[in-house]
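Read the structure below first, then the notes.
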Amino acid sequence: NGDELLSDEVYLPDTYNNYPLCMQNLLTGLRNDSHLKYQGRQQLSLFLKECGLNVEEALKFWQKAFQQKYGLEEFNKNYKYNFRHSYGLEGSRINFKPWDCSTILNKEPPSSGMYHGCPFRDWNKVKLSGYLSKSKNYYTKEELSKYEVNTILDFKDKNDYMMCCTKYFELTKDTLPHNELITHPNLYYQRSKELDKR
Ligand code: SF4
């Protein structure tokens, strides 16, 4: 859970559990580096905007997250414009949409020190299976079995990353309505929130 990233002064719409793995990965990178490179900032900030973070909350969140490396003055000078731009408040004033999975998967994979992208594609099998095998099956409350982990890795072998994500959701949360496929990080978030309300 992401609570340790956040102090009382920083509002984030939720804890790690409702975020898809790509966003958990970005939040972990942000916590470890007190910074995210441009692509990572875009992927996470537009996602959080769609989750309901308004521009004031977003600026507060990012400033706090960067503060170990960048003081307020430096943050305002170098980054404030970028985040306000994402909200359509600067430059071309386009109200940018959050990236869907295809957009994310069509971008260059992250190189070292970058956290954007899709971990189902970008993490190697050892790292991914290590993460997956620590996740709990929603029904049994036990860690995912080797068989369950392999069903996800089989989709990775087929380069079907949205199916990896969908299968992961279904194993750790519940089946999705109407055989829905996770095609958007905000869809993952929305469905996970709906299950919270049960
Ligand atoms: Fe994120 Fe989409 Fe990859 Fe799932 S499939 S981790 S939502 S990019």
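Each chain of the structure tokens is named A, B, ... in the order shown, its residues numbered from 1; ligands are numbered from 1 in display order.
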Contacts to ligand 1 at 10 Å cut-off (only C-alpha atoms and all ligand atoms) as a tab-separated table (two decimals) with C-alpha atoms, in the first residue's frame:
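Heads up, here's the output in out_19.tsv:
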chain	number	residue	atom	x	y	z
A	19	TYR	CA	-4.03	1.10	-9.08
A	20	PRO	CA	-2.89	-1.07	-11.96
A	21	LEU	CA	0.65	-2.35	-11.89
A	22	CYS	CA	1.91	0.35	-14.27
A	23	MET	CA	0.82	3.06	-11.84
A	24	GLN	CA	2.09	1.20	-8.78
A	25	ASN	CA	5.43	0.97	-10.56
A	43	GLN	CA	1.58	8.75	-17.64
A	99	TRP	CA	-3.13	7.35	-21.79
A	100	ASP	CA	-4.86	4.08	-22.56
A	101	CYS	CA	-2.93	0.81	-22.62
A	102	SER	CA	-2.37	0.93	-26.39
A	103	THR	CA	-0.87	4.42	-26.12
A	104	ILE	CA	1.36	3.26	-23.29
A	105	LEU	CA	2.42	0.16	-25.22
A	116	HIS	CA	6.68	4.63	-17.60
A	117	GLY	CA	5.30	1.80	-19.74
A	118	CYS	CA	3.64	-1.48	-18.80
A	119	PRO	CA	5.40	-3.81	-16.33
A	120	PHE	CA	3.72	-6.83	-17.91
A	121	ARG	CA	5.85	-6.03	-20.97
A	122	ASP	CA	8.83	-4.23	-19.45
A	160	ASP	CA	-0.76	-9.95	-24.86
A	161	TYR	CA	-0.15	-7.54	-22.00
A	162	MET	CA	-3.74	-6.38	-21.59
A	163	MET	CA	-4.74	-10.01	-21.05
A	164	CYS	CA	-1.97	-10.32	-18.42
A	165	CYS	CA	-3.49	-7.33	-16.65
A	166	THR	CA	-7.05	-8.61	-17.02
A	167	LYS	CA	-6.10	-12.05	-15.71
A	168	TYR	CA	-4.24	-10.46	-12.81
A	169	PHE	CA	-7.29	-8.36	-11.97
A	181	LEU	CA	-10.68	-6.56	-21.11
A	182	ILE	CA	-8.49	-4.08	-19.26
A	183	THR	CA	-7.60	-1.62	-22.01
A	184	HIS	CA	-7.09	1.46	-19.87
A	185	PRO	CA	-5.42	2.06	-16.49
A	186	ASN	CA	-8.41	4.16	-15.41
A	187	LEU	CA	-10.76	1.28	-16.26
A	188	TYR	CA	-8.72	-0.93	-13.92
A	189	TYR	CA	-9.01	1.76	-11.24
Shell around A:Gln68 at 9 Å using only C-alpha atoms, local window under 6 positions removed, as a VMD selection string: chain A and resid 33 to 35
Members of stretch 14-101 of chain A assigned helix (DSSP H, G or I) by DSSP, as a PyMOL selection string: chain A and resi 16-18+21-33+38-51+55-66+72-78+80-86+101
Please list as an mmCIF file with N, CA and C atoms, in the first residue's frame every residue within 12 Å of A:Glu142, counting only C-alpha atoms and excluding residues in the same chain fewer than 6 positions away.
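Here's the written file around-v1.cif:
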data_model
loop_
_atom_site.group_PDB
_atom_site.id
_atom_site.type_symbol
_atom_site.label_atom_id
_atom_site.label_comp_id
_atom_site.auth_asym_id
_atom_site.auth_seq_id
_atom_site.Cartn_x
_atom_site.Cartn_y
_atom_site.Cartn_z
ATOM 1 N N LEU A 132 4.165 -11.250 -8.880
ATOM 2 C CA LEU A 132 2.861 -11.924 -8.984
ATOM 3 C C LEU A 132 2.697 -12.979 -7.894
ATOM 4 N N SER A 133 3.764 -13.711 -7.617
ATOM 5 C CA SER A 133 3.617 -14.817 -6.658
ATOM 6 C C SER A 133 3.426 -14.309 -5.230
ATOM 7 N N LYS A 134 3.638 -13.016 -5.008
ATOM 8 C CA LYS A 134 3.359 -12.464 -3.659
ATOM 9 C C LYS A 134 1.944 -11.900 -3.567
ATOM 10 N N SER A 135 1.244 -11.843 -4.703
ATOM 11 C CA SER A 135 -0.121 -11.308 -4.683
ATOM 12 C C SER A 135 -1.089 -12.389 -4.220
ATOM 13 N N LYS A 136 -2.174 -11.938 -3.609
ATOM 14 C CA LYS A 136 -3.128 -12.906 -3.041
ATOM 15 C C LYS A 136 -4.329 -13.144 -3.956
ATOM 16 N N GLU A 148 -1.294 -20.343 -11.412
ATOM 17 C CA GLU A 148 -1.950 -19.047 -11.670
ATOM 18 C C GLU A 148 -0.945 -18.030 -12.225
ATOM 19 N N LEU A 171 -7.823 -12.628 -10.961
ATOM 20 C CA LEU A 171 -7.323 -13.530 -9.914
ATOM 21 C C LEU A 171 -7.266 -12.831 -8.560
ATOM 22 N N THR A 172 -6.902 -11.553 -8.551
ATOM 23 C CA THR A 172 -6.673 -10.880 -7.267
ATOM 24 C C THR A 172 -7.884 -10.066 -6.793
#
A:Lys80 environment, 9 Å, only C-alpha atoms, sequence neighbours closer than 3 positions dropped, as a PyMOL selection string: chain A and resi 59+62-63+75-77+83-85
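Comparing the minimum interatomic distances between A:Pro98 and each of A:Ser111, A:Thr28, A:Gln42, A:Asn54, counting only C-alpha atoms, we find that A:Gln42 sits nearest.
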